[in-house]
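Okay, target_5.cif is below, mmCIF, C-alpha atoms:
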data_final
loop_
_atom_site.label_atom_id
_atom_site.label_comp_id
_atom_site.auth_asym_id
_atom_site.auth_seq_id
_atom_site.Cartn_x
_atom_site.Cartn_y
_atom_site.Cartn_z
CA MET A 381 0.11 21.90 21.11
CA LYS A 382 -0.39 22.57 17.39
CA ASN A 383 2.58 24.92 17.33
CA TYR A 384 4.68 22.27 19.07
CA ILE A 385 3.77 19.70 16.42
CA LEU A 386 4.62 22.11 13.60
CA LEU A 387 7.93 22.92 15.27
CA PHE A 388 8.72 19.22 15.61
CA LEU A 389 7.87 18.55 11.98
CA THR A 390 10.02 21.44 10.82
CA ALA A 391 12.95 20.14 12.81
CA PHE A 392 12.33 16.61 11.56
CA THR A 393 12.20 17.55 7.88
CA SER A 394 15.23 19.81 8.15
CA THR A 395 17.20 16.85 9.49
CA ILE A 396 16.27 14.54 6.65
CA CYS A 397 15.43 16.99 3.89
CA GLY A 398 15.55 15.58 0.39
CA GLN A 399 13.57 12.49 1.34
CA THR A 400 10.63 14.04 3.18
CA PHE A 401 8.33 16.40 1.33
CA TYR A 402 5.38 18.58 2.25
CA SER A 403 2.69 18.68 -0.41
CA ASP A 404 -0.22 21.08 -0.86
CA ILE A 405 -3.33 19.28 -2.18
CA ASN A 406 -4.65 22.58 -3.51
CA SER A 407 -1.91 22.76 -6.11
CA SER A 408 -2.76 22.32 -9.78
CA ASP A 409 -0.81 19.06 -9.88
CA PHE A 410 -3.72 17.21 -8.29
CA LYS A 411 -5.99 18.12 -11.18
CA LYS A 412 -3.78 16.02 -13.44
CA GLY A 413 -4.25 12.85 -11.43
CA ILE A 414 -5.80 9.52 -12.41
CA LYS A 415 -9.56 9.60 -12.97
CA GLU A 416 -11.84 8.30 -10.22
CA TYR A 417 -14.70 6.02 -11.30
CA LYS A 418 -17.76 4.65 -9.56
CA ASN A 419 -17.33 1.27 -7.89
CA SER A 420 -19.39 -0.36 -10.66
CA PHE A 421 -16.53 0.35 -13.10
CA TYR A 422 -14.04 -1.49 -10.89
CA GLU A 423 -16.53 -4.31 -10.36
CA GLN A 424 -17.08 -4.80 -14.09
CA ASN A 425 -13.37 -4.90 -14.79
CA THR A 426 -12.36 -7.42 -12.11
CA ILE A 427 -12.96 -11.10 -11.43
CA ALA A 428 -14.53 -12.10 -8.10
CA HIS A 429 -13.04 -15.06 -6.24
CA ILE A 430 -13.43 -16.67 -2.83
CA TYR A 431 -10.44 -18.41 -1.29
CA THR A 432 -10.96 -21.28 1.18
CA ASP A 433 -8.07 -22.69 3.20
CA ASN A 434 -7.68 -26.23 4.56
CA GLU A 435 -9.52 -25.29 7.74
CA GLY A 436 -12.52 -23.88 5.89
CA ASN A 437 -11.66 -20.22 6.48
CA LYS A 438 -12.79 -18.05 3.58
CA MET A 439 -11.68 -14.72 2.16
CA PRO A 440 -13.19 -12.91 -0.85
CA TYR A 441 -10.84 -11.20 -3.27
CA ARG A 442 -10.93 -9.38 -6.57
CA LEU A 443 -8.40 -9.85 -9.34
CA PHE A 444 -7.73 -7.48 -12.21
CA LEU A 445 -5.91 -8.72 -15.30
CA PRO A 446 -4.75 -6.33 -18.02
CA SER A 447 -6.68 -6.16 -21.27
CA ASN A 448 -5.14 -8.47 -23.86
CA TYR A 449 -3.61 -10.44 -21.00
CA ASN A 450 -1.02 -12.84 -22.41
CA PRO A 451 0.01 -15.72 -20.12
CA LYS A 452 3.30 -15.96 -22.02
CA LYS A 453 4.29 -12.51 -20.83
CA LYS A 454 5.16 -11.40 -17.30
CA TYR A 455 3.27 -8.62 -15.54
CA PRO A 456 3.93 -6.63 -12.37
CA LEU A 457 1.61 -7.49 -9.48
CA VAL A 458 0.11 -4.89 -7.14
CA LEU A 459 -1.23 -6.28 -3.85
CA SER A 460 -3.64 -3.65 -2.54
CA PHE A 461 -4.85 -3.58 1.08
CA HIS A 462 -8.07 -1.68 1.82
CA GLY A 463 -8.98 0.25 4.95
CA ALA A 464 -11.38 -0.52 7.79
CA GLY A 465 -14.46 0.86 6.05
CA SER A 466 -14.25 -1.76 3.31
CA ARG A 467 -14.34 -4.84 5.56
CA GLY A 468 -17.00 -7.50 4.98
CA ASN A 469 -17.74 -10.45 2.73
CA ASP A 470 -19.54 -8.83 -0.22
CA ASN A 471 -16.35 -8.75 -2.35
CA LEU A 472 -17.31 -5.23 -3.45
CA LYS A 473 -16.61 -2.69 -0.74
CA GLN A 474 -12.86 -3.02 -1.16
CA LEU A 475 -13.17 -1.66 -4.71
CA ARG A 476 -12.49 1.91 -3.69
CA PRO A 477 -10.49 4.10 -6.11
CA TRP A 478 -7.46 4.20 -3.81
CA VAL A 479 -7.44 0.39 -3.84
CA ALA A 480 -8.56 -0.42 -7.39
CA GLY A 481 -7.89 2.82 -9.26
CA TRP A 482 -4.83 1.72 -11.17
CA MET A 483 -6.90 -0.35 -13.55
CA ASP A 484 -7.58 2.99 -15.23
CA GLU A 485 -6.70 3.02 -18.94
CA VAL A 486 -4.16 5.81 -18.50
CA VAL A 487 -2.16 3.63 -16.08
CA GLN A 488 -2.65 0.39 -17.97
CA GLN A 489 -1.54 1.73 -21.35
CA LYS A 490 1.88 2.50 -19.96
CA ASN A 491 2.06 0.01 -17.09
CA PRO A 492 -0.17 -3.04 -17.63
CA CYS A 493 -0.30 -4.89 -14.33
CA ILE A 494 -2.19 -7.45 -12.27
CA ILE A 495 -4.00 -6.04 -9.22
CA LEU A 496 -4.95 -8.24 -6.27
CA MET A 497 -7.52 -6.89 -3.77
CA PRO A 498 -8.41 -9.18 -0.85
CA GLN A 499 -11.25 -8.25 1.53
CA CYS A 500 -10.76 -8.42 5.29
CA PRO A 501 -13.72 -9.83 7.28
CA ALA A 502 -15.90 -7.47 9.33
CA LYS A 503 -14.57 -6.58 12.79
CA GLN A 504 -11.14 -8.05 11.97
CA LYS A 505 -7.85 -6.38 11.07
CA TRP A 506 -4.88 -6.96 8.80
CA VAL A 507 -2.74 -6.26 11.87
CA ASN A 508 -4.17 -6.64 15.37
CA VAL A 509 -3.01 -3.35 16.84
CA PRO A 510 -4.81 -0.18 18.03
CA TRP A 511 -4.55 2.31 15.18
CA LYS A 512 -4.36 5.42 17.34
CA LYS A 513 -1.12 4.28 18.97
CA GLY A 514 0.89 4.18 15.75
CA SER A 515 4.10 2.15 15.96
CA TYR A 516 4.23 -1.30 17.54
CA ASN A 517 6.59 -4.22 18.13
CA MET A 518 6.04 -7.19 15.82
CA LYS A 519 7.27 -9.59 18.48
CA ASP A 520 4.13 -8.76 20.45
CA ILE A 521 1.75 -9.10 17.48
CA PRO A 522 1.14 -12.58 16.03
CA LEU A 523 0.22 -12.99 12.37
CA SER A 524 -3.48 -12.21 12.06
CA LYS A 525 -5.89 -14.64 10.42
CA PRO A 526 -6.80 -12.13 7.67
CA MET A 527 -3.13 -11.50 6.86
CA LYS A 528 -2.47 -15.24 6.78
CA LEU A 529 -5.33 -15.70 4.30
CA ALA A 530 -4.19 -12.71 2.22
CA LYS A 531 -0.70 -14.23 1.98
CA ALA A 532 -2.17 -17.58 0.87
CA ILE A 533 -4.19 -15.80 -1.82
CA PHE A 534 -1.10 -13.86 -2.86
CA ASP A 535 0.88 -17.10 -3.26
CA LYS A 536 -1.96 -18.67 -5.25
CA VAL A 537 -2.24 -15.72 -7.62
CA ILE A 538 1.51 -15.67 -8.23
CA THR A 539 1.48 -19.40 -9.00
CA GLU A 540 -1.52 -19.30 -11.33
CA ASN A 541 -0.81 -16.10 -13.24
CA ALA A 542 1.96 -14.58 -15.34
CA VAL A 543 3.56 -12.53 -12.56
CA ASP A 544 6.96 -10.89 -12.84
CA LYS A 545 8.43 -11.91 -9.49
CA ASN A 546 10.94 -9.09 -9.68
CA ARG A 547 8.15 -6.51 -9.80
CA ILE A 548 5.77 -7.27 -6.93
CA TYR A 549 4.41 -4.17 -5.21
CA VAL A 550 2.33 -3.65 -2.06
CA MET A 551 0.18 -0.64 -1.25
CA GLY A 552 -2.55 0.13 1.24
CA CYS A 553 -4.24 2.84 3.25
CA SER A 554 -5.18 3.26 6.91
CA MET A 555 -5.79 -0.27 8.21
CA GLY A 556 -4.29 -1.26 4.86
CA GLY A 557 -1.33 1.02 5.54
CA TYR A 558 -0.67 -1.09 8.62
CA GLY A 559 -1.15 -4.14 6.41
CA THR A 560 1.35 -2.84 3.87
CA TRP A 561 4.12 -2.23 6.40
CA ASN A 562 3.39 -5.58 8.04
CA PHE A 563 3.41 -7.53 4.79
CA VAL A 564 6.68 -5.93 3.72
CA MET A 565 8.30 -6.62 7.09
CA ARG A 566 7.19 -10.27 7.06
CA TYR A 567 7.86 -11.06 3.39
CA HIS A 568 10.46 -8.48 2.39
CA LYS A 569 12.42 -10.90 0.20
CA MET A 570 9.50 -10.98 -2.24
CA ILE A 571 8.78 -7.26 -2.49
CA ALA A 572 10.13 -4.79 -5.07
CA ALA A 573 8.52 -1.64 -3.61
CA ALA A 574 5.77 -0.49 -1.27
CA ILE A 575 3.36 2.41 -0.72
CA PRO A 576 2.03 2.57 2.87
CA ILE A 577 -0.51 5.37 3.27
CA CYS A 578 -1.43 6.67 6.75
CA GLY A 579 -0.20 3.49 8.41
CA ALA A 580 2.43 2.36 10.92
CA GLY A 581 4.79 -0.52 11.56
CA ASP A 582 7.69 -1.69 13.71
CA PRO A 583 10.70 0.66 13.42
CA SER A 584 13.02 -2.04 14.79
CA MET A 585 12.50 -3.90 11.48
CA ALA A 586 14.12 -1.10 9.47
CA LYS A 587 17.35 -2.98 8.85
CA GLU A 588 15.51 -5.93 7.29
CA ILE A 589 13.57 -3.76 4.83
CA ARG A 590 16.15 -1.03 4.25
CA LYS A 591 16.81 -1.88 0.59
CA ILE A 592 13.15 -1.89 -0.44
CA PRO A 593 12.04 1.34 -2.14
CA ILE A 594 9.22 2.73 0.01
CA TRP A 595 7.17 5.86 -0.56
CA ALA A 596 4.96 6.60 2.43
CA PHE A 597 2.16 9.18 2.66
CA HIS A 598 0.38 10.78 5.60
CA GLY A 599 -1.76 13.80 6.43
CA ASP A 600 -0.20 16.19 8.93
CA VAL A 601 -3.40 16.43 11.03
CA ASP A 602 -4.53 12.81 10.86
CA PRO A 603 -6.72 12.12 13.94
CA THR A 604 -7.09 8.38 13.33
CA VAL A 605 -3.57 7.11 12.69
CA PRO A 606 -0.96 9.49 14.12
CA LEU A 607 1.58 11.00 11.75
CA SER A 608 4.21 9.50 14.04
CA GLY A 609 3.25 6.10 12.60
CA SER A 610 4.86 7.02 9.29
CA ILE A 611 7.57 9.23 10.76
CA ASP A 612 8.81 6.51 13.13
CA MET A 613 9.20 4.07 10.23
CA VAL A 614 10.88 6.39 7.75
CA GLU A 615 13.12 7.93 10.40
CA ALA A 616 14.34 4.41 11.31
CA LEU A 617 14.90 3.70 7.61
CA TYR A 618 16.68 6.98 6.88
CA VAL A 619 19.56 6.07 9.19
CA GLN A 620 20.13 2.84 7.26
CA LYS A 621 22.77 3.02 4.55
CA LYS A 622 21.54 3.11 0.94
CA ASN A 623 17.89 3.25 1.97
CA LYS A 624 15.36 4.17 -0.73
CA THR A 625 12.67 5.71 1.43
CA HIS A 626 10.48 8.75 0.85
CA LEU A 627 7.74 10.36 2.91
CA THR A 628 5.17 12.83 1.59
CA ILE A 629 3.22 14.75 4.22
CA TYR A 630 0.06 16.46 3.00
CA LYS A 631 -0.52 19.89 4.50
CA ASN A 632 -3.76 20.41 6.43
CA VAL A 633 -5.00 16.90 5.58
CA GLY A 634 -6.56 14.53 8.07
CA HIS A 635 -7.04 10.81 7.68
CA ASN A 636 -8.03 11.01 4.00
CA SER A 637 -4.51 11.26 2.58
CA TYR A 638 -5.28 8.09 0.61
CA GLU A 639 -7.71 10.08 -1.54
CA PHE A 640 -4.77 11.97 -3.01
CA ALA A 641 -1.75 9.64 -3.00
CA TRP A 642 -3.06 7.03 -5.45
CA ARG A 643 -3.76 9.68 -8.10
CA ASN A 644 -0.19 10.98 -8.18
CA PRO A 645 1.31 10.31 -11.66
CA GLU A 646 4.82 10.64 -10.22
CA LEU A 647 4.08 7.86 -7.76
CA ILE A 648 2.82 5.59 -10.54
CA ASP A 649 5.91 6.19 -12.67
CA TRP A 650 8.10 5.65 -9.63
CA ILE A 651 6.70 2.34 -8.47
CA PHE A 652 6.54 0.63 -11.86
CA ASN A 653 10.21 1.45 -12.38
CA GLN A 654 11.21 -0.50 -9.26
CA LYS A 655 12.63 -4.00 -9.45
CA LYS A 656 13.40 -6.39 -6.62
CA CYS A 657 16.86 -6.38 -5.19
CA ASP A 658 18.02 -9.99 -4.77
CA LYS A 659 19.89 -9.00 -1.61
CA ASN A 660 16.74 -7.86 0.26
#
Represent the structure of the file as structure tokens.
Amino acid sequence: MKNYILLFLTAFTSTICGQTFYSDINSSDFKKGIKEYKNSFYEQNTIAHIYTDNEGNKMPYRLFLPSNYNPKKKYPLVLSFHGAGSRGNDNLKQLRPWVAGWMDEVVQQKNPCIILMPQCPAKQKWVNVPWKKGSYNMKDIPLSKPMKLAKAIFDKVITENAVDKNRIYVMGCSMGGYGTWNFVMRYHKMIAAAIPICGAGDPSMAKEIRKIPIWAFHGDVDPTVPLSGSIDMVEALYVQKKNKTHLTIYKNVGHNSYEFAWRNPELIDWIFNQKKCDKN
């Protein structure tokens, strides 16, 4: 079975080479990545909020504003979706490095940005699908309550802060990778670029999101969210004209591909150079 999977991946990448890359996490490049801090660092550098909608539903979220924030300027916004292990209502567990890490000084000196980090309630999901099945059809999956609340928070933050609406980015891992694909598919006219990590979406939506720069990541031996979740999406996008899609597959990596992707300096340079296409 393993040999079959490797054979399939080889055939797949040879068909779309140039946009799909295999990466070895043991290379020296990973030692140059963004520094990882304890959660207390991310807590001290963010503002805790609780959003309440008209029906009384609540969602905690954290907001990072750049140092020397100037409301007369415009800043890129990164909406960051956490994974299943960070669910709850403490407004702290979502502050994992792969969600909050870009508040690091190295990133902020070159790319000051606003980072929004909502927290999904316990036992709920950004997208109500079984993770092990990978791809799904959006027509069968109604908007989840957590995603609805996250979108309301997103709208509120954009309205109340100095956000560059041409530079709104979405990223997320695992359950948040599903959330990233879903958010982009639902609200693609607002998004400049996206980074879905070990997630999945609806390949039939490829045409609608084809002009959005997307860099997806996945481990080649992920036992939780199948690699096919990313492959199905990027393969559907690759056949679209003028698509701007990339897929990085980490060799011999399981479900923890998110531990590596967020630290990639090339990824950081790439996403902050993206601007929204008005024709999305």
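Note that the spacing between atom CA of A:Val633 and atom CA of A:Gly514 amounts to 17.3 Å.
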Using 10 Å as the limit and counting all atoms listed in the file, can you tabulate each residue of stretch 507-620 of chain A that touches stretch 462-473 of chain A, with its shortest atom-to-atom distance in Å and the two atoms involved, as JSON lines?
{"residue": "A:Met551", "atom": "CA", "partner": "A:His462", "partner_atom": "CA", "distance": 8.9}
{"residue": "A:Gly552", "atom": "CA", "partner": "A:His462", "partner_atom": "CA", "distance": 5.8}
{"residue": "A:Cys553", "atom": "CA", "partner": "A:Gly463", "partner_atom": "CA", "distance": 5.7}
{"residue": "A:Ser554", "atom": "CA", "partner": "A:Gly463", "partner_atom": "CA", "distance": 5.2}
{"residue": "A:Met555", "atom": "CA", "partner": "A:Gly463", "partner_atom": "CA", "distance": 4.6}
{"residue": "A:Gly556", "atom": "CA", "partner": "A:His462", "partner_atom": "CA", "distance": 4.9}
{"residue": "A:Gly557", "atom": "CA", "partner": "A:Gly463", "partner_atom": "CA", "distance": 7.7}
{"residue": "A:Tyr558", "atom": "CA", "partner": "A:Gly463", "partner_atom": "CA", "distance": 9.2}
{"residue": "A:Gly559", "atom": "CA", "partner": "A:His462", "partner_atom": "CA", "distance": 8.7}
{"residue": "A:Thr560", "atom": "CA", "partner": "A:His462", "partner_atom": "CA", "distance": 9.7}
{"residue": "A:Gly579", "atom": "CA", "partner": "A:Gly463", "partner_atom": "CA", "distance": 10.0}
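Reported to one decimal place, the separation of atom CA of A:Trp506 from atom CA of A:Ala480 is 17.8 Å.
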Give me the residues within 6 Å of stretch 440-448 of chain A as a list in words, counting all atoms listed in the file and dropping any in the same chain fewer than 5 places off.
->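 Once the adjacent positions are removed, what remains is Thr426, Ile427, Ala428, His429, Ile430, Asn471, Pro492, Cys493, Ile494, Ile495, Leu496, Met497, Pro498 and Gln499 of chain A.
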Picked residues, the PyMOL selection byres ((chain A and resi 541-546) around 6), expected as a ChimeraX atom specification = /A:451,454-456,537-540,547-548,655-656
Hey, what's within 7 Å of A:Leu529 if we count all atoms listed in the file and toss same-chain stuff fewer than 4 positions away? As a ChimeraX atom specification, please?
-> /A:439,525,533
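What separates atom CA of A:Tyr417 from atom CA of A:Arg643 is a distance of 12.0 Å.
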Contacts of A:Asn636 at 12 Å or less, counting only C-alpha atoms, minus same-chain residues fewer than 4 places along, as a list in words?
-> Ile405, Gly463, Trp478, Cys553, Ser554, Ile577, Cys578, Gly579, Phe597, His598, Gly599, Asp600, Val601, Asp602, Pro603, Thr604, Val605, Ile629, Tyr630, Lys631, Asn632, Phe640, Ala641 and Trp642 of chain A
Apply the PyMOL selection byres ((chain A and resi 612) around 9) to the displayed file and report the matching residues as a compact mmCIF listing (two decimals) with C-alpha atoms, keeping the file's coordinate frame.
# COMPACT_ATOMS: atom_id res chain seq x y z
CA GLY A 514 0.89 4.18 15.75
CA SER A 515 4.10 2.15 15.96
CA ALA A 580 2.43 2.36 10.92
CA GLY A 581 4.79 -0.52 11.56
CA ASP A 582 7.69 -1.69 13.71
CA PRO A 583 10.70 0.66 13.42
CA LEU A 607 1.58 11.00 11.75
CA SER A 608 4.21 9.50 14.04
CA GLY A 609 3.25 6.10 12.60
CA SER A 610 4.86 7.02 9.29
CA ILE A 611 7.57 9.23 10.76
CA MET A 613 9.20 4.07 10.23
CA VAL A 614 10.88 6.39 7.75
CA GLU A 615 13.12 7.93 10.40
CA ALA A 616 14.34 4.41 11.31
CA LEU A 617 14.90 3.70 7.61
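Applied to this file, the PyMOL selection byres ((chain A and resi 568) around 10) selects Trp561, Asn562, Phe563, Val564, Met565, Arg566, Tyr567, Lys569, Met570, Ile571, Ala572, Ala573, Ala574, Glu588, Ile589, Arg590, Lys591, Ile592, Lys656 and Asn660 of chain A.
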Just-selected residues, C-alpha atoms written as a PDB file, in the coordinates of the input:
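Result went into result_33.pdb, see below:
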ATOM      1  CA  TRP A 561       4.120  -2.230   6.400  1.00  0.00           C
ATOM      2  CA  ASN A 562       3.390  -5.580   8.040  1.00  0.00           C
ATOM      3  CA  PHE A 563       3.410  -7.530   4.790  1.00  0.00           C
ATOM      4  CA  VAL A 564       6.680  -5.930   3.720  1.00  0.00           C
ATOM      5  CA  MET A 565       8.300  -6.620   7.090  1.00  0.00           C
ATOM      6  CA  ARG A 566       7.190 -10.270   7.060  1.00  0.00           C
ATOM      7  CA  TYR A 567       7.860 -11.060   3.390  1.00  0.00           C
ATOM      8  CA  LYS A 569      12.420 -10.900   0.200  1.00  0.00           C
ATOM      9  CA  MET A 570       9.500 -10.980  -2.240  1.00  0.00           C
ATOM     10  CA  ILE A 571       8.780  -7.260  -2.490  1.00  0.00           C
ATOM     11  CA  ALA A 572      10.130  -4.790  -5.070  1.00  0.00           C
ATOM     12  CA  ALA A 573       8.520  -1.640  -3.610  1.00  0.00           C
ATOM     13  CA  ALA A 574       5.770  -0.490  -1.270  1.00  0.00           C
ATOM     14  CA  GLU A 588      15.510  -5.930   7.290  1.00  0.00           C
ATOM     15  CA  ILE A 589      13.570  -3.760   4.830  1.00  0.00           C
ATOM     16  CA  ARG A 590      16.150  -1.030   4.250  1.00  0.00           C
ATOM     17  CA  LYS A 591      16.810  -1.880   0.590  1.00  0.00           C
ATOM     18  CA  ILE A 592      13.150  -1.890  -0.440  1.00  0.00           C
ATOM     19  CA  LYS A 656      13.400  -6.390  -6.620  1.00  0.00           C
ATOM     20  CA  ASN A 660      16.740  -7.860   0.260  1.00  0.00           C
TER      21      ASN A 660
END
Taking into account all atoms listed in the file, which residue in the set A:Ala532, A:Asn450, A:Leu475, A:Asn517 is nearest to A:Asn434?
-> A:Ala532
Of the candidates A:Ile575, A:Leu523, A:Met483, A:Phe421, which shows the shortest atom-to-atom distance to A:Ile651, using all atoms listed in the file?
-> A:Ile575
Minimum-distance residue to A:Gly634, chosen among A:Asp535, A:Pro606, A:Trp650, A:Val550 (using all atoms listed in the file) =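 Under the stated criterion, the closest residue is A:Pro606.
For the set A:Trp511, A:Tyr516, A:Phe401, A:Phe652, the residue with the smallest atom-to-atom gap to A:Trp482 is A:Phe652, counting all atoms listed in the file.
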